[in-house]
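File shown here: final_21.csv, holding CSV, C-alpha atoms.
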chain,number,residue,atom,x,y,z
L,1489,MET,CA,0.0,0.0,0.0
L,1490,LYS,CA,2.9,2.3,0.9
L,1491,TYR,CA,4.6,1.6,-2.5
L,1492,PHE,CA,1.3,2.1,-4.3
L,1493,LYS,CA,0.9,5.6,-2.8
L,1494,LEU,CA,4.5,6.4,-3.8
L,1495,ILE,CA,4.0,5.2,-7.4
L,1496,ILE,CA,0.8,7.3,-7.7
L,1497,ILE,CA,2.6,10.4,-6.4
L,1498,LEU,CA,5.5,9.8,-8.8
L,1499,LEU,CA,3.2,9.3,-11.7
L,1500,PHE,CA,1.4,12.5,-10.8
L,1501,VAL,CA,4.7,14.5,-10.7
L,1502,ALA,CA,5.8,12.9,-14.0
L,1503,ILE,CA,2.5,13.9,-15.7
L,1504,LEU,CA,2.6,17.4,-14.3
L,1505,THR,CA,6.3,17.9,-15.3
L,1506,GLY,CA,5.5,16.7,-18.8
L,1507,ASN,CA,2.7,19.2,-19.2
L,1508,SER,CA,4.5,22.2,-17.7
L,1509,PHE,CA,7.7,21.8,-19.8
L,1510,ALA,CA,6.5,20.8,-23.2
L,1511,GLY,CA,9.5,20.1,-25.6
L,1512,ASP,CA,10.6,22.5,-28.3
L,1513,LYS,CA,9.0,20.3,-31.0
L,1514,GLU,CA,5.6,20.6,-29.2
L,1515,ASP,CA,6.1,24.4,-28.8
L,1516,VAL,CA,6.9,24.8,-32.5
L,1517,GLN,CA,4.0,22.6,-33.5
L,1518,ALA,CA,1.8,24.8,-31.3
L,1519,LEU,CA,3.2,27.9,-33.0
L,1520,ALA,CA,2.2,26.5,-36.4
L,1521,ASN,CA,-1.3,25.7,-35.2
L,1522,LYS,CA,-1.9,29.0,-33.5
L,1523,THR,CA,-0.6,31.0,-36.6
L,1524,ALA,CA,-3.1,29.2,-38.9
L,1525,GLU,CA,-5.9,29.7,-36.4
L,1526,ALA,CA,-5.2,33.4,-36.0
L,1527,PHE,CA,-5.1,33.8,-39.8
L,1528,ASN,CA,-8.3,31.9,-40.3
L,1529,GLN,CA,-10.0,34.1,-37.8
L,1530,HIS,CA,-8.7,37.3,-39.3
L,1531,ASN,CA,-7.1,38.0,-35.9
L,1532,PHE,CA,-4.1,39.9,-37.4
L,1533,THR,CA,-2.8,41.3,-34.1
L,1534,THR,CA,-2.3,37.8,-32.8
L,1535,TYR,CA,-1.0,36.6,-36.1
L,1536,TRP,CA,1.8,39.2,-36.2
L,1537,SER,CA,2.8,38.4,-32.7
L,1538,TYR,CA,4.1,35.1,-34.0
L,1539,PHE,CA,6.6,36.6,-36.5
L,1540,THR,CA,10.1,38.2,-36.3
L,1541,ASP,CA,10.2,41.8,-37.3
L,1542,ASP,CA,12.4,40.9,-40.3
L,1543,ASN,CA,10.3,38.0,-41.6
L,1544,THR,CA,10.3,37.1,-45.3
L,1545,GLU,CA,8.0,34.9,-47.4
L,1546,PHE,CA,7.7,33.2,-50.8
L,1547,PRO,CA,3.9,32.9,-51.3
L,1548,TYR,CA,2.1,30.8,-53.8
L,1549,VAL,CA,-0.6,33.3,-54.7
L,1550,VAL,CA,-0.7,36.8,-56.2
L,1551,SER,CA,3.1,37.2,-56.7
L,1552,PRO,CA,6.1,34.7,-56.8
L,1553,LEU,CA,8.4,37.4,-55.5
L,1554,ARG,CA,10.0,37.4,-52.1
L,1555,HIS,CA,7.9,39.4,-49.7
L,1556,ASP,CA,9.5,41.3,-46.9
L,1557,ALA,CA,7.6,42.0,-43.6
L,1558,ALA,CA,5.7,45.0,-45.0
L,1559,MET,CA,4.7,43.2,-48.2
L,1560,TRP,CA,3.5,40.2,-46.2
L,1561,LYS,CA,1.5,42.5,-43.9
L,1562,ASN,CA,-0.3,44.0,-46.8
L,1563,PHE,CA,-1.0,40.6,-48.3
L,1564,ILE,CA,-2.3,39.0,-45.1
L,1565,GLU,CA,-4.4,42.0,-44.0
L,1566,GLY,CA,-5.8,42.1,-47.6
L,1567,THR,CA,-7.5,38.8,-46.9
L,1568,ALA,CA,-9.8,40.7,-44.6
L,1569,ASN,CA,-11.7,41.6,-47.7
L,1570,LEU,CA,-12.4,38.0,-48.4
L,1571,ALA,CA,-15.7,36.4,-47.2
L,1572,TYR,CA,-13.9,33.3,-46.0
L,1573,VAL,CA,-10.4,31.9,-45.7
L,1574,ASN,CA,-9.2,28.6,-44.4
L,1575,TYR,CA,-5.6,27.5,-44.2
L,1576,HIS,CA,-4.9,24.0,-43.0
L,1577,GLU,CA,-1.6,22.2,-42.8
L,1578,GLN,CA,-0.8,18.6,-42.0
L,1579,ASP,CA,1.9,15.9,-42.0
L,1580,TYR,CA,4.2,18.2,-40.2
L,1581,GLU,CA,7.9,17.4,-39.8
L,1582,VAL,CA,9.5,19.5,-37.1
L,1583,GLN,CA,13.3,19.6,-36.7
L,1584,ILE,CA,15.0,21.5,-33.9
L,1585,TYR,CA,18.6,22.7,-34.1
L,1586,ASN,CA,20.7,24.0,-31.2
L,1587,GLY,CA,17.6,24.4,-29.1
L,1588,ASP,CA,16.8,27.8,-30.7
L,1589,ALA,CA,16.0,27.2,-34.4
L,1590,ALA,CA,13.4,25.0,-36.0
L,1591,VAL,CA,12.5,24.0,-39.6
L,1592,VAL,CA,8.9,22.8,-40.2
L,1593,THR,CA,7.7,21.2,-43.4
L,1594,GLY,CA,4.2,20.0,-44.3
L,1595,TYR,CA,1.4,20.0,-46.9
L,1596,TYR,CA,-1.3,22.5,-46.9
L,1597,THR,CA,-4.8,23.3,-48.3
L,1598,PHE,CA,-5.9,26.8,-48.7
L,1599,THR,CA,-9.5,27.6,-49.4
L,1600,TRP,CA,-10.9,31.1,-49.9
L,1601,MET,CA,-14.2,32.7,-50.9
L,1602,GLU,CA,-14.5,36.0,-52.5
L,1603,LYS,CA,-17.3,38.4,-51.6
L,1604,GLY,CA,-19.1,37.5,-54.8
L,1605,GLY,CA,-19.3,33.9,-53.7
L,1606,MET,CA,-16.5,32.5,-55.9
L,1607,MET,CA,-14.7,29.6,-54.1
L,1608,ASN,CA,-11.0,28.9,-54.7
L,1609,PHE,CA,-8.9,26.0,-53.6
L,1610,GLN,CA,-5.2,25.4,-53.6
L,1611,SER,CA,-3.0,22.6,-52.2
L,1612,GLY,CA,0.7,22.6,-51.8
L,1613,ARG,CA,3.9,22.2,-49.9
L,1614,ALA,CA,4.9,24.6,-47.1
L,1615,SER,CA,8.0,25.1,-45.0
L,1616,PHE,CA,8.8,27.6,-42.4
L,1617,PHE,CA,11.8,28.5,-40.3
L,1618,ALA,CA,11.3,29.6,-36.7
L,1619,VAL,CA,13.8,31.0,-34.3
L,1620,LYS,CA,13.7,31.4,-30.5
L,1621,GLN,CA,14.1,35.0,-29.5
L,1622,LYS,CA,13.9,36.0,-25.8
L,1623,GLY,CA,12.4,32.5,-25.0
L,1624,LYS,CA,9.7,32.8,-27.6
L,1625,TRP,CA,9.4,30.9,-30.9
L,1626,LEU,CA,8.9,33.3,-33.9
L,1627,ILE,CA,8.5,32.7,-37.6
L,1628,ALA,CA,11.3,34.2,-39.7
L,1629,HIS,CA,10.6,32.8,-43.1
L,1630,MET,CA,7.8,30.9,-44.9
L,1631,HIS,CA,7.8,29.3,-48.3
L,1632,PHE,CA,4.7,28.0,-50.1
L,1633,SER,CA,4.7,26.1,-53.4
L,1634,LYS,CA,2.3,24.1,-55.5
L,1635,MET,CA,1.9,20.3,-55.8
L,1636,PHE,CA,2.8,19.1,-59.3
X,384,MET,CA,55.4,61.0,-38.4
X,385,LYS,CA,55.0,58.9,-35.3
X,386,HIS,CA,51.2,59.2,-35.5
X,387,LEU,CA,51.3,58.2,-39.2
X,388,LYS,CA,53.1,55.0,-38.4
X,389,PHE,CA,50.7,54.2,-35.6
X,390,ILE,CA,47.7,54.8,-37.8
X,391,THR,CA,49.2,52.7,-40.6
X,392,ILE,CA,49.8,49.7,-38.2
X,393,LEU,CA,46.3,50.1,-36.8
X,394,LEU,CA,44.8,50.1,-40.3
X,395,PHE,CA,46.9,47.0,-41.2
X,396,PHE,CA,45.4,45.1,-38.2
X,397,VAL,CA,41.9,46.2,-38.9
X,398,VAL,CA,42.2,45.0,-42.5
X,399,LEU,CA,43.8,41.7,-41.4
X,400,ALA,CA,41.2,41.1,-38.7
X,401,GLY,CA,38.4,41.7,-41.2
X,402,SER,CA,39.9,39.3,-43.7
X,403,THR,CA,40.8,36.6,-41.2
X,404,PHE,CA,37.5,36.6,-39.3
X,405,ALA,CA,34.9,36.9,-42.0
X,406,GLY,CA,31.4,37.3,-40.6
X,407,ASP,CA,28.8,34.6,-40.5
X,408,LYS,CA,27.0,36.1,-43.5
X,409,GLU,CA,30.1,35.9,-45.6
X,410,ASP,CA,30.8,32.3,-44.4
X,411,VAL,CA,27.2,31.3,-45.3
X,412,GLY,CA,27.4,33.0,-48.7
X,413,ALA,CA,30.7,31.1,-49.4
X,414,ILE,CA,29.1,27.8,-48.4
X,415,ILE,CA,26.2,28.3,-50.8
X,416,ASN,CA,28.6,29.2,-53.6
X,417,LYS,CA,31.0,26.4,-53.0
X,418,ALA,CA,28.1,23.8,-52.7
X,419,TRP,CA,26.6,24.8,-56.0
X,420,ASP,CA,30.0,25.1,-57.7
X,421,ALA,CA,30.6,21.5,-56.7
X,422,PHE,CA,27.2,20.5,-58.0
X,423,ASN,CA,27.8,22.2,-61.3
X,424,SER,CA,31.2,20.4,-61.6
X,425,LYS,CA,29.4,17.1,-60.9
X,426,ASP,CA,31.6,16.8,-57.8
X,427,TYR,CA,28.7,15.4,-55.9
X,428,GLN,CA,30.9,14.0,-53.1
X,429,THR,CA,32.0,17.5,-52.2
X,430,PHE,CA,28.4,18.8,-52.7
X,431,PHE,CA,27.2,16.3,-50.1
X,432,THR,CA,29.7,17.5,-47.4
X,433,TYR,CA,27.8,20.7,-47.2
X,434,SER,CA,24.6,19.1,-46.0
X,435,ALA,CA,23.6,17.7,-42.6
X,436,ASP,CA,22.6,14.0,-42.1
X,437,ASP,CA,19.0,14.9,-41.4
X,438,PHE,CA,18.7,17.1,-44.5
X,439,GLU,CA,15.2,17.6,-46.0
X,440,MET,CA,14.2,19.0,-49.3
X,441,PHE,CA,11.2,20.0,-51.4
X,442,THR,CA,12.4,19.9,-55.1
X,443,GLY,CA,10.8,21.5,-58.1
X,444,VAL,CA,11.2,18.5,-60.3
X,445,SER,CA,10.7,14.7,-60.1
X,446,THR,CA,8.3,14.6,-57.1
X,447,PRO,CA,6.5,17.2,-55.1
X,448,LEU,CA,6.9,15.1,-51.9
X,449,LEU,CA,9.4,15.8,-49.2
X,450,HIS,CA,12.9,14.2,-49.5
X,451,ILE,CA,13.6,13.0,-46.0
X,452,GLY,CA,17.2,12.3,-45.0
X,453,LYS,CA,20.6,12.8,-46.7
X,454,PRO,CA,20.6,9.4,-48.4
X,455,HIS,CA,17.4,10.2,-50.2
X,456,MET,CA,18.9,13.5,-51.4
X,457,MET,CA,22.1,11.8,-52.5
X,458,GLU,CA,20.2,9.3,-54.6
X,459,TYR,CA,18.3,12.1,-56.2
X,460,VAL,CA,21.5,14.2,-57.0
X,461,ASN,CA,23.4,11.2,-58.2
X,462,SER,CA,20.8,10.6,-60.8
X,463,PHE,CA,22.0,13.7,-62.6
X,464,SER,CA,25.5,12.2,-63.2
X,465,SER,CA,24.4,10.4,-66.4
X,466,LEU,CA,23.2,13.7,-68.0
X,467,PRO,CA,25.5,15.6,-70.3
X,468,LEU,CA,25.0,18.9,-68.5
X,469,VAL,CA,23.2,20.1,-65.3
X,470,THR,CA,23.7,23.6,-64.0
X,471,TYR,CA,22.2,25.5,-61.1
X,472,ASN,CA,22.7,29.2,-60.6
X,473,GLN,CA,21.2,31.1,-57.7
X,474,GLN,CA,21.2,34.9,-57.4
X,475,GLN,CA,19.7,37.9,-55.5
X,476,ASN,CA,20.4,36.0,-52.3
X,477,THR,CA,19.4,37.5,-49.0
X,478,ILE,CA,21.2,36.1,-45.9
X,479,ARG,CA,20.0,36.4,-42.4
X,480,ILE,CA,21.7,35.0,-39.3
X,481,TYR,CA,19.9,34.2,-36.1
X,482,ASN,CA,21.5,33.5,-32.7
X,483,GLY,CA,24.9,33.2,-34.4
X,484,ASN,CA,24.2,29.6,-35.3
X,485,THR,CA,21.4,29.5,-37.9
X,486,ALA,CA,21.1,31.1,-41.3
X,487,VAL,CA,18.2,31.6,-43.7
X,488,VAL,CA,19.1,32.2,-47.4
X,489,ASN,CA,16.5,33.2,-50.0
X,490,GLY,CA,17.1,33.7,-53.7
X,491,TYR,CA,16.0,33.0,-57.2
X,492,PHE,CA,17.5,30.2,-59.3
X,493,VAL,CA,17.8,29.0,-62.9
X,494,PHE,CA,18.2,25.2,-63.3
X,495,THR,CA,19.3,24.0,-66.7
X,496,VAL,CA,19.4,20.4,-67.8
X,497,VAL,CA,20.6,19.0,-71.1
X,498,GLY,CA,19.2,15.5,-71.7
X,499,LYS,CA,20.9,12.7,-73.5
X,500,ASP,CA,18.9,13.5,-76.6
X,501,GLY,CA,20.3,17.1,-76.5
X,502,ASN,CA,17.1,18.7,-75.4
X,503,VAL,CA,17.6,21.6,-73.1
X,504,THR,CA,15.1,22.4,-70.3
X,505,ASN,CA,15.3,25.5,-68.1
X,506,GLN,CA,13.4,26.0,-64.9
X,507,SER,CA,13.5,29.2,-62.9
X,508,GLY,CA,12.2,29.5,-59.4
X,509,ARG,CA,12.6,30.5,-55.8
X,510,ASN,CA,14.9,28.9,-53.2
X,511,SER,CA,14.9,28.9,-49.4
X,512,THR,CA,17.8,27.3,-47.7
X,513,THR,CA,18.4,26.9,-44.0
X,514,LEU,CA,21.8,26.3,-42.6
X,515,VAL,CA,22.9,25.4,-39.1
X,516,LYS,CA,26.3,25.7,-37.5
X,517,GLN,CA,27.3,22.3,-36.1
X,518,ASN,CA,30.7,21.9,-34.4
X,519,GLY,CA,31.8,25.2,-35.9
X,520,LYS,CA,30.8,24.2,-39.4
X,521,TRP,CA,27.8,25.6,-41.4
X,522,LEU,CA,25.7,22.7,-42.9
X,523,ILE,CA,22.6,22.9,-45.0
X,524,VAL,CA,19.6,21.3,-43.2
X,525,ASN,CA,16.7,22.2,-45.5
X,526,ILE,CA,16.1,23.4,-49.0
X,527,HIS,CA,12.7,24.4,-50.6
X,528,PHE,CA,12.7,24.9,-54.4
X,529,SER,CA,9.6,26.1,-56.1
X,530,PRO,CA,9.0,27.3,-59.7
X,531,MET,CA,8.1,30.8,-60.6
X,532,PHE,CA,4.4,31.2,-61.6
This structure in structure tokens:
Amino acid sequence: MKYFKLIIILLFVAILTGNSFAGDKEDVQALANKTAEAFNQHNFTTYWSYFTDDNTEFPYVVSPLRHDAAMWKNFIEGTANLAYVNYHEQDYEVQIYNGDAAVVTGYYTFTWMEKGGMMNFQSGRASFFAVKQKGKWLIAHMHFSKMF
Amino acid sequence: MKHLKFITILLFFVVLAGSTFAGDKEDVGAIINKAWDAFNSKDYQTFFTYSADDFEMFTGVSTPLLHIGKPHMMEYVNSFSSLPLVTYNQQQNTIRIYNGNTAVVNGYFVFTVVGKDGNVTNQSGRNSTTLVKQNGKWLIVNIHFSPMF
């Protein structure tokens, strides 16, 4: 009975520790999920809080050119004019380097509806690079491309 | 005259220090250039030394799926050896360094392949490369190629 109690306490501590100190991979995965969620909800203030100030992107709509932070801001906030947007990414591969850099790859679907009711759909490959700054994971670069 | 000598010596050290301890940006730029020079010379063994063991890549040809691991990439690159000419040129690179140990390089590329039948195909696109400093050496851990549209 004495051992049983000890095991229960140990298990409890182990579970608590696991939840409190999620690994870097889990943190980066959470960053990916929260970024998509903020975008889908048009919650741009939250969305930008997940990016470095010097972020760059290669999008796969509108223009193939490299976007700097200002261009990406214009593009993302321009989606507020759309009736509906949904970005979904899956099959994530998360790699952590030196405890403060991460590379994430996956496949995405992007659905959007214009105000006239026209639906659009795109699927492709996505990769992003995140860096830990002052203890917080932030996205520094994203690259989207089509399936072929 | 004494001051002139002092300034000259000081300038000499400044120039020497600048040349000897090139910054991370310069080191990363040099790695990118050397890697693709090796690729264009079909010196694939040298090309492979610039990538990490857990290298991953999205290519713009062959398959849209993620190449996972260095052996997968090596198999893909080695398949070019039988072609008469394969060249890759990347330009307009921007290089950013984070925490002194990670680099993100973005640029535009032109990839030219001459097939055995003499047909030439050109592809132009965008490239994102991530490098990580491991044991003091910059290694490529991820590349994403995508065509222009």
Need the shell around X:Asp436: protein/DNA/RNA residues with any atom at most 12 Å away, counting only C-alpha atoms. Skip same-chain ones fewer than 3 positions apart. Format as a PDB file with C-alpha atoms, in the coordinates of the input?
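Generated output (part39.pdb):
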ATOM      1  CA  PHE X 431      27.200  16.300 -50.100  1.00  0.00           C
ATOM      2  CA  THR X 432      29.700  17.500 -47.400  1.00  0.00           C
ATOM      3  CA  TYR X 433      27.800  20.700 -47.200  1.00  0.00           C
ATOM      4  CA  GLU X 439      15.200  17.600 -46.000  1.00  0.00           C
ATOM      5  CA  ILE X 451      13.600  13.000 -46.000  1.00  0.00           C
ATOM      6  CA  GLY X 452      17.200  12.300 -45.000  1.00  0.00           C
ATOM      7  CA  LYS X 453      20.600  12.800 -46.700  1.00  0.00           C
ATOM      8  CA  PRO X 454      20.600   9.400 -48.400  1.00  0.00           C
ATOM      9  CA  HIS X 455      17.400  10.200 -50.200  1.00  0.00           C
ATOM     10  CA  MET X 456      18.900  13.500 -51.400  1.00  0.00           C
ATOM     11  CA  MET X 457      22.100  11.800 -52.500  1.00  0.00           C
ATOM     12  CA  VAL X 515      22.900  25.400 -39.100  1.00  0.00           C
ATOM     13  CA  GLN X 517      27.300  22.300 -36.100  1.00  0.00           C
ATOM     14  CA  LEU X 522      25.700  22.700 -42.900  1.00  0.00           C
ATOM     15  CA  ILE X 523      22.600  22.900 -45.000  1.00  0.00           C
ATOM     16  CA  VAL X 524      19.600  21.300 -43.200  1.00  0.00           C
ATOM     17  CA  ASN X 525      16.700  22.200 -45.500  1.00  0.00           C
TER      18      ASN X 525
END
Could you work out which residues of chain L fall inside 9 Å of chain X? Count only C-alpha atoms, and format the result as a PyMOL selection string. chain L and resi 1544+1546+1548-1549+1551-1554+1583+1585-1586+1588-1589+1591+1593-1595+1612-1615+1617+1619-1621+1628-1636
Residue nearest X:Asp420 - candidates X:Val496, X:Ile478, X:Ser507, X:Gln473, atoms counted: all atoms listed in the file: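 Between X:Val496, X:Ile478, X:Ser507, X:Gln473, the residue approaching X:Asp420 most closely is X:Gln473.
Put simply, atom CA of L:Met1607 is 16.7 Å away from atom CA of L:Gly1566.
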If you measure from atom CA of L:Val1582 to atom CA of X:Ala435, what distance in Å do you get, rounded to one decimal?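 Interatomic distance, atom CA of L:Val1582 to atom CA of X:Ala435: 15.2 Å.
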Can you pull out every residue within 12 Å of L:Phe1563, counting only C-alpha atoms, but drop anything in the same chain fewer than 2 positions away, and send it as a list in words?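 In the requested form, the answer reads Phe1527, Phe1532, Glu1545, Phe1546, Pro1547, Tyr1548, Val1549, Val1550, Ser1551, His1555, Asp1556, Ala1557, Ala1558, Met1559, Trp1560, Lys1561, Glu1565, Gly1566, Thr1567, Ala1568, Asn1569 and Leu1570 of chain L.
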For a test of reading the model, state the distance in Å between atom CA of L:Phe1539 and atom CA of L:Ala1510, rounded to one decimal.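 That distance, rounded to one decimal, is 20.7 Å.
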Near L:Trp1536, counting only C-alpha atoms, which residues have an atom at most 10 Å away, once you skip same-chain residues fewer than 5 positions from it, shown as a PyMOL selection string? chain L and resi 1523+1526-1527+1531+1541+1557+1561+1564+1626-1627
Atom completion result for stretch 507-530 of chain X (N, CA and C atoms) as a short mmCIF file (atom, residue, chain, number, x, y, z; two decimals), keeping the file's coordinate frame:
data_model
loop_
_atom_site.label_atom_id
_atom_site.label_comp_id
_atom_site.auth_asym_id
_atom_site.auth_seq_id
_atom_site.Cartn_x
_atom_site.Cartn_y
_atom_site.Cartn_z
N SER X 507 13.07 28.14 -63.83
CA SER X 507 13.50 29.20 -62.90
C SER X 507 12.54 29.19 -61.72
N GLY X 508 13.05 29.59 -60.58
CA GLY X 508 12.20 29.50 -59.40
C GLY X 508 12.80 30.21 -58.18
N ARG X 509 12.21 29.87 -57.04
CA ARG X 509 12.60 30.50 -55.80
C ARG X 509 13.27 29.43 -54.89
N ASN X 510 14.19 29.86 -54.08
CA ASN X 510 14.90 28.90 -53.20
C ASN X 510 14.96 29.49 -51.79
N SER X 511 14.63 28.63 -50.83
CA SER X 511 14.90 28.90 -49.40
C SER X 511 15.77 27.87 -48.85
N THR X 512 16.88 28.29 -48.30
CA THR X 512 17.80 27.30 -47.70
C THR X 512 18.08 27.68 -46.27
N THR X 513 18.05 26.67 -45.43
CA THR X 513 18.40 26.90 -44.00
C THR X 513 19.66 26.17 -43.68
N LEU X 514 20.55 26.88 -43.01
CA LEU X 514 21.80 26.30 -42.60
C LEU X 514 21.95 26.40 -41.06
N VAL X 515 22.64 25.43 -40.50
CA VAL X 515 22.90 25.40 -39.10
C VAL X 515 24.34 25.19 -38.79
N LYS X 516 24.86 25.90 -37.80
CA LYS X 516 26.30 25.70 -37.50
C LYS X 516 26.38 24.53 -36.48
N GLN X 517 27.07 23.49 -36.92
CA GLN X 517 27.30 22.30 -36.10
C GLN X 517 28.74 22.05 -35.92
N ASN X 518 29.22 22.01 -34.68
CA ASN X 518 30.70 21.90 -34.40
C ASN X 518 31.50 22.86 -35.18
N GLY X 519 31.01 24.09 -35.24
CA GLY X 519 31.80 25.20 -35.90
C GLY X 519 31.65 25.20 -37.40
N LYS X 520 30.87 24.30 -37.98
CA LYS X 520 30.80 24.20 -39.40
C LYS X 520 29.33 24.47 -39.89
N TRP X 521 29.16 25.33 -40.91
CA TRP X 521 27.80 25.60 -41.40
C TRP X 521 27.40 24.41 -42.34
N LEU X 522 26.21 23.85 -42.07
CA LEU X 522 25.70 22.70 -42.90
C LEU X 522 24.25 23.07 -43.31
N ILE X 523 23.93 22.66 -44.52
CA ILE X 523 22.60 22.90 -45.00
C ILE X 523 21.65 21.80 -44.46
N VAL X 524 20.55 22.24 -43.84
CA VAL X 524 19.60 21.30 -43.20
C VAL X 524 18.31 21.19 -44.02
N ASN X 525 18.01 22.22 -44.79
CA ASN X 525 16.70 22.20 -45.50
C ASN X 525 16.79 23.10 -46.74
N ILE X 526 16.22 22.61 -47.84
CA ILE X 526 16.10 23.40 -49.00
C ILE X 526 14.64 23.29 -49.56
N HIS X 527 14.05 24.38 -49.93
CA HIS X 527 12.70 24.40 -50.60
C HIS X 527 12.88 25.08 -51.92
N PHE X 528 12.72 24.31 -53.00
CA PHE X 528 12.70 24.90 -54.40
C PHE X 528 11.27 24.97 -54.83
N SER X 529 10.94 26.05 -55.51
CA SER X 529 9.60 26.10 -56.10
C SER X 529 9.69 26.93 -57.42
N PRO X 530 8.93 26.52 -58.43
CA PRO X 530 9.00 27.30 -59.70
C PRO X 530 8.34 28.63 -59.59
#
